[in-house]
file coords22.csv (CSV, C-alpha atoms)
chain,number,residue,atom,x,y,z
D,1,MET,CA,0.6,-14.7,6.5
D,2,LYS,CA,1.8,-15.8,3.1
D,3,LEU,CA,4.8,-13.9,1.7
D,4,LEU,CA,6.5,-13.7,-1.6
D,5,LEU,CA,10.3,-13.0,-1.3
D,6,ILE,CA,12.0,-11.7,-4.5
D,7,GLU,CA,15.7,-11.7,-3.8
D,8,ASP,CA,18.6,-12.7,-6.1
D,9,ASP,CA,21.3,-12.9,-3.3
D,10,LEU,CA,21.4,-16.7,-2.8
D,11,ARG,CA,22.7,-16.7,0.8
D,12,LEU,CA,20.4,-13.8,1.9
D,13,ALA,CA,17.3,-15.3,0.2
D,14,ASP,CA,17.9,-18.7,1.9
D,15,TYR,CA,18.5,-17.1,5.2
D,16,LEU,CA,15.4,-15.0,5.1
D,17,LYS,CA,13.2,-17.8,3.9
D,18,LYS,CA,14.4,-20.1,6.7
D,19,GLY,CA,14.1,-17.4,9.3
D,20,LEU,CA,10.6,-16.2,8.2
D,21,THR,CA,9.4,-19.8,8.0
D,22,GLU,CA,10.5,-20.4,11.6
D,23,GLU,CA,8.6,-17.2,12.5
D,24,GLY,CA,5.4,-18.8,11.2
D,25,PHE,CA,5.2,-17.2,7.7
D,26,VAL,CA,4.5,-19.2,4.6
D,27,VAL,CA,7.2,-18.1,2.1
D,28,ASP,CA,7.5,-18.5,-1.7
D,29,LEU,CA,10.9,-17.5,-3.1
D,30,ALA,CA,11.7,-16.0,-6.6
D,31,ARG,CA,15.4,-15.4,-7.4
D,32,ASN,CA,14.8,-12.9,-10.3
D,33,GLY,CA,12.4,-10.2,-11.3
D,34,ILE,CA,10.7,-12.1,-14.1
D,35,ASP,CA,9.8,-15.1,-11.9
D,36,GLY,CA,8.9,-12.8,-9.1
D,37,LEU,CA,6.5,-10.7,-11.1
D,38,HIS,CA,4.8,-13.8,-12.5
D,39,LEU,CA,4.3,-15.2,-9.0
D,40,ALA,CA,3.1,-11.8,-7.7
D,41,THR,CA,0.5,-11.3,-10.4
D,42,GLN,CA,-0.7,-14.9,-10.4
D,43,GLY,CA,-0.6,-15.8,-6.7
D,44,LEU,CA,-2.3,-14.5,-3.5
D,45,TYR,CA,0.1,-13.0,-1.0
D,46,ASP,CA,-0.3,-10.8,2.1
D,47,VAL,CA,3.0,-9.0,1.6
D,48,ILE,CA,5.8,-9.0,-1.0
D,49,ILE,CA,9.4,-8.5,0.0
D,50,LEU,CA,11.1,-7.1,-3.1
D,51,ASP,CA,14.9,-6.5,-3.6
D,52,GLY,CA,15.6,-3.3,-5.4
D,53,MET,CA,18.6,-4.6,-7.3
D,54,LEU,CA,17.7,-7.7,-9.5
D,55,PRO,CA,19.7,-9.2,-12.3
D,56,ASP,CA,17.1,-9.1,-15.1
D,57,ILE,CA,14.6,-6.3,-14.4
D,58,ASP,CA,15.2,-4.2,-11.3
D,59,GLY,CA,12.8,-3.9,-8.3
D,60,LEU,CA,11.3,-0.6,-9.4
D,61,ALA,CA,10.4,-2.1,-12.8
D,62,VAL,CA,8.8,-5.1,-11.1
D,63,LEU,CA,6.9,-2.8,-8.7
D,64,SER,CA,5.6,-0.5,-11.5
D,65,ALA,CA,4.4,-3.5,-13.4
D,66,LEU,CA,2.8,-5.0,-10.4
D,67,ARG,CA,0.9,-1.8,-9.5
D,68,GLN,CA,-0.8,-2.0,-12.9
D,69,SER,CA,-3.1,-4.7,-11.5
D,70,LYS,CA,-2.4,-5.4,-7.8
D,71,SER,CA,-2.4,-3.4,-4.5
D,72,ILE,CA,-0.5,-6.0,-2.4
D,73,PRO,CA,1.7,-4.4,0.2
D,74,VAL,CA,5.3,-4.3,-0.9
D,75,LEU,CA,8.3,-4.0,1.4
D,76,MET,CA,11.4,-3.1,-0.6
D,77,LEU,CA,15.0,-4.1,0.3
D,78,THR,CA,17.9,-2.1,-1.0
D,79,ALA,CA,21.6,-1.6,-0.4
D,80,ARG,CA,21.3,2.0,-1.4
D,81,ALA,CA,20.9,4.4,1.6
D,82,MET,CA,20.4,7.6,-0.4
D,83,VAL,CA,17.2,9.4,0.4
D,84,GLU,CA,16.5,9.8,-3.4
D,85,ASP,CA,16.5,6.0,-3.8
D,86,ARG,CA,14.0,5.6,-1.0
D,87,VAL,CA,11.8,8.3,-2.4
D,88,SER,CA,11.9,6.7,-5.8
D,89,GLY,CA,10.7,3.4,-4.3
D,90,LEU,CA,7.9,5.0,-2.3
D,91,LYS,CA,6.8,7.0,-5.3
D,92,ALA,CA,6.7,3.8,-7.4
D,93,GLY,CA,4.2,2.3,-4.9
D,94,ALA,CA,6.3,0.7,-2.2
D,95,ASP,CA,4.6,0.6,1.2
D,96,ASP,CA,7.8,0.3,3.3
D,97,TYR,CA,11.6,0.3,2.9
D,98,LEU,CA,14.5,-1.4,4.6
D,99,VAL,CA,18.2,-0.6,3.8
D,100,LYS,CA,20.7,-3.5,3.9
D,101,PRO,CA,22.1,-4.6,6.3
D,102,PHE,CA,19.0,-4.7,8.5
D,103,ALA,CA,18.1,-6.5,11.7
D,104,PHE,CA,15.9,-9.5,11.1
D,105,SER,CA,13.7,-8.6,14.0
D,106,GLU,CA,12.9,-5.3,12.4
D,107,LEU,CA,12.0,-7.0,9.1
D,108,VAL,CA,9.6,-9.3,11.0
D,109,ALA,CA,8.1,-6.3,12.9
D,110,ARG,CA,7.5,-4.4,9.7
D,111,LEU,CA,5.9,-7.4,8.0
D,112,HIS,CA,3.5,-7.8,10.9
D,113,ALA,CA,2.6,-4.1,10.7
D,114,LEU,CA,1.9,-4.3,7.0
D,115,GLY,CA,-0.1,-7.5,7.5
D,116,ARG,CA,-2.2,-5.9,10.3
D,117,ARG,CA,-3.1,-2.9,8.1
D,118,THR,CA,-4.0,-5.2,5.2
D,119,SER,CA,-6.3,-7.5,7.3
D,120,THR,CA,-8.0,-4.5,8.9
D,121,VAL,CA,-9.3,-3.4,5.6
D,122,ALA,CA,-11.4,-6.5,5.2
D,123,ALA,CA,-12.1,-7.1,8.9
D,124,GLU,CA,-13.6,-3.8,9.8
D,125,SER,CA,-16.8,-4.4,7.9
D,126,GLN,CA,-19.1,-7.3,7.4
D,127,THR,CA,-19.3,-6.5,3.7
D,128,THR,CA,-16.4,-7.0,1.3
D,129,VAL,CA,-17.7,-4.5,-1.3
D,130,LEU,CA,-18.3,-0.8,-0.7
D,131,THR,CA,-19.8,1.6,-3.2
D,132,LEU,CA,-20.5,5.3,-3.5
D,133,LEU,CA,-21.9,6.8,-6.7
D,134,ASP,CA,-19.7,5.1,-9.4
D,135,LEU,CA,-17.0,4.2,-7.0
D,136,GLU,CA,-16.6,0.5,-6.0
D,137,LEU,CA,-14.0,-1.1,-3.6
D,138,ASP,CA,-13.7,-4.9,-3.3
D,139,ALA,CA,-11.7,-5.9,-0.2
D,140,VAL,CA,-11.4,-9.6,-1.3
D,141,ARG,CA,-10.1,-8.9,-4.8
D,142,ARG,CA,-8.3,-5.7,-3.6
D,143,THR,CA,-9.6,-3.7,-6.5
D,144,ALA,CA,-10.8,-0.1,-6.7
D,145,LYS,CA,-12.9,1.1,-9.7
D,146,ARG,CA,-14.6,4.3,-10.6
D,147,GLY,CA,-16.8,4.5,-13.6
D,148,GLY,CA,-15.8,0.9,-14.3
D,149,LYS,CA,-12.1,1.9,-14.6
D,150,ASP,CA,-9.3,0.6,-12.3
D,151,LEU,CA,-7.9,3.3,-10.0
D,152,ARG,CA,-4.6,1.4,-9.6
D,153,LEU,CA,-4.1,2.3,-5.9
D,154,THR,CA,-1.1,1.4,-3.7
D,155,ALA,CA,-1.9,-0.7,-0.6
D,156,LYS,CA,-1.9,2.4,1.6
D,157,GLU,CA,-4.1,4.3,-0.8
D,158,PHE,CA,-6.5,1.4,-0.9
D,159,SER,CA,-6.6,1.2,2.9
D,160,LEU,CA,-7.1,5.0,3.2
D,161,LEU,CA,-9.9,5.0,0.6
D,162,TRP,CA,-11.6,1.9,2.3
D,163,LEU,CA,-11.5,3.8,5.6
D,164,LEU,CA,-13.1,6.9,4.1
D,165,LEU,CA,-15.7,4.9,2.2
D,166,ARG,CA,-16.6,2.7,5.1
D,167,ARG,CA,-17.3,5.9,7.1
D,168,LYS,CA,-18.7,7.9,4.2
D,169,GLY,CA,-20.3,11.2,5.2
D,170,GLU,CA,-18.2,11.2,8.4
D,171,VAL,CA,-15.3,13.6,8.9
D,172,ILE,CA,-12.1,11.7,9.8
D,173,SER,CA,-9.3,13.6,11.4
D,174,ARG,CA,-5.7,13.6,10.2
D,175,THR,CA,-4.7,12.2,13.5
D,176,GLU,CA,-7.1,9.2,13.2
D,177,ILE,CA,-5.9,8.6,9.6
D,178,ALA,CA,-2.3,8.6,10.8
D,179,GLU,CA,-3.0,6.1,13.5
D,180,LEU,CA,-5.2,3.7,11.6
D,181,ILE,CA,-3.4,3.7,8.2
D,182,TRP,CA,0.2,4.4,9.2
D,183,ASP,CA,0.2,3.0,12.7
D,184,MET,CA,1.9,6.2,14.0
D,185,HIS,CA,1.1,9.0,16.4
D,186,PHE,CA,0.4,12.2,14.5
D,187,ASP,CA,3.2,14.7,14.1
D,188,SER,CA,2.0,18.2,13.0
D,189,GLU,CA,5.3,18.7,11.2
D,190,THR,CA,4.8,15.6,9.0
D,191,ASN,CA,3.0,16.0,5.7
D,192,VAL,CA,2.5,12.3,4.9
D,193,ILE,CA,-1.2,12.6,5.3
D,194,ASP,CA,-1.4,15.7,3.0
D,195,VAL,CA,0.7,13.9,0.4
D,196,ALA,CA,-1.4,10.7,0.6
D,197,ILE,CA,-4.7,12.6,0.3
D,198,ARG,CA,-3.3,14.6,-2.7
D,199,ARG,CA,-2.2,11.4,-4.5
D,200,LEU,CA,-5.5,9.7,-3.8
D,201,ARG,CA,-7.5,12.7,-5.0
D,202,ILE,CA,-5.5,12.7,-8.3
D,203,LYS,CA,-6.6,9.1,-9.0
D,204,LEU,CA,-10.1,9.3,-7.4
D,205,ASP,CA,-11.5,12.7,-8.4
D,206,ASP,CA,-9.4,14.5,-11.0
D,207,PRO,CA,-10.5,12.5,-14.0
D,208,TYR,CA,-14.2,12.8,-13.0
D,209,GLU,CA,-16.8,15.5,-13.0
D,210,ILE,CA,-18.2,14.8,-9.5
D,211,PRO,CA,-15.6,15.0,-6.7
D,212,LEU,CA,-16.1,12.6,-3.8
D,213,LEU,CA,-13.1,13.4,-1.5
D,214,HIS,CA,-13.5,16.7,0.4
D,215,THR,CA,-11.3,18.6,2.8
D,216,ILE,CA,-12.9,20.1,5.9
D,217,ARG,CA,-10.4,22.7,6.9
D,218,GLY,CA,-9.1,22.3,10.5
D,219,MET,CA,-11.0,19.1,10.9
D,220,GLY,CA,-10.1,16.4,8.4
D,221,TYR,CA,-11.5,14.7,5.4
D,222,VAL,CA,-14.8,13.2,4.3
D,223,LEU,CA,-16.0,11.1,1.4
D,224,GLU,CA,-19.5,12.0,0.2
D,225,ILE,CA,-21.5,13.2,-2.8
D,226,ARG,CA,-22.0,17.0,-3.0
D,227,ALA,CA,-23.1,19.4,-5.7
D,228,GLN,CA,-21.5,18.7,-9.1
D,229,GLY,CA,-18.3,20.4,-10.1
D,230,LYS,CA,-14.8,20.6,-8.6
D,231,GLU,CA,-14.1,22.2,-5.3
call {"tool": "encode", "arguments": {"input": "coords22.csv", "output": "structure tokens"}}
result
Amino acid sequence: MKLLLIEDDLRLADYLKKGLTEEGFVVDLARNGIDGLHLATQGLYDVIILDGMLPDIDGLAVLSALRQSKSIPVLMLTARAMVEDRVSGLKAGADDYLVKPFAFSELVARLHALGRRTSTVAAESQTTVLTLLDLELDAVRRTAKRGGKDLRLTAKEFSLLWLLLRRKGEVISRTEIAELIWDMHFDSETNVIDVAIRRLRIKLDDPYEIPLLHTIRGMGYVLEIRAQGKE
């Protein structure tokens, strides 16, 4: 796996780069947000590790700019333990979150989990491009377009939509989505699936006349073409 580490703390950055390299990762290092954003948009990475507090532009600004064109998985690091801060990062498009100080072993485990989810998107099908009506997903370029316009999905949203599109016409349960996309056993008290579906539908269907993502109550979700008009 090739990683981009964007971290301004000199000692922590050097420690993480050394440790991750010893774990078998290929690591590029940027010590500020401007350089990090340039590398992130120009390079090809499996996961980006992004510090939330940077000296020039902060991590949320870097993440927001990155999400304009890329759906690379992003793991944010922060010294802030407040729930509001974590929520802000996740809403901005982060795929995972670690509060400093953290165990190095946990960082490695989370990177592997993000990498597995990313590679599964391309590996589960022989084709790298899937289409339905005016929707097109490209697993190599990590792009999603509808009607020729970029959907600007997060990494998890892309993985979720790829799963639904790869199995278009098939109802996929919330439990299966939780296990395949979030690598977790489903908890009926958790609304993460509902939130993810709602955000995906806003980008995928709301601007268009023909909806593609449908809810099958009590069963799950399906991506298919039905009669014109909103549900």
call {"tool": "residues_around", "arguments": {"input": "coords22.csv", "residues": "segment 27-40 of chain D", "least_positions_apart": "6", "cutoff": "12 Å", "atoms": "only C-alpha atoms", "output": "VMD selection string"}}
result
chain D and resid 1 to 21 46 to 74
call {"tool": "atom_distance", "arguments": {"input": "coords22.csv", "atom1": "atom CA of Leu135 of chain D", "atom2": "atom CA of Arg174 of chain D"}}
result
22.6 Å
call {"tool": "atom_distance", "arguments": {"input": "coords22.csv", "atom1": "atom CA of Ser159 of chain D", "atom2": "atom CA of Ile181 of chain D"}}
result
6.7 Å
call {"tool": "residues_near_point", "arguments": {"input": "coords22.csv", "point": "(13.3, -0.1, -0.6)", "cutoff": "8 Å", "atoms": "all atoms listed in the file", "output": "VMD selection string"}}
result
chain D and resid 50 to 52 75 to 78 85 to 86 89 to 90 94 96 to 99
call {"tool": "closest_residue", "arguments": {"input": "coords22.csv", "among": "D:Leu133, D:Ala139, D:Val195, D:Val171", "to": "Ile210 of chain D", "atoms": "only C-alpha atoms"}}
result
D:Leu133
call {"tool": "atom_distance", "arguments": {"input": "coords22.csv", "atom1": "atom CA of Ile197 of chain D", "atom2": "atom CA of Val222 of chain D"}}
result
10.9 Å
call {"tool": "closest_residue", "arguments": {"input": "coords22.csv", "among": "D:Arg201, D:Gly24, D:Pro211, D:Ala103", "to": "Asp134 of chain D", "atoms": "all atoms listed in the file"}}
result
D:Pro211
call {"tool": "closest_residue", "arguments": {"input": "coords22.csv", "among": "D:Thr131, D:Asn191, D:Ser173, D:Thr41", "to": "Gly147 of chain D", "atoms": "only C-alpha atoms"}}
result
D:Thr131
call {"tool": "closest_residue", "arguments": {"input": "coords22.csv", "among": "D:Ala196, D:Leu204, D:Leu213, D:Ala155", "to": "Glu136 of chain D", "atoms": "only C-alpha atoms"}}
result
D:Leu204
call {"tool": "residues_near_point", "arguments": {"input": "coords22.csv", "point": "(0.5, -2.3, 7.1)", "cutoff": "8 Å", "atoms": "only C-alpha atoms", "output": "list in words"}}
result
Pro73, Asp95, Arg110, Leu111, His112, Ala113, Leu114, Gly115, Arg116, Arg117, Thr118, Lys156, Ile181, Trp182 and Asp183 of chain D
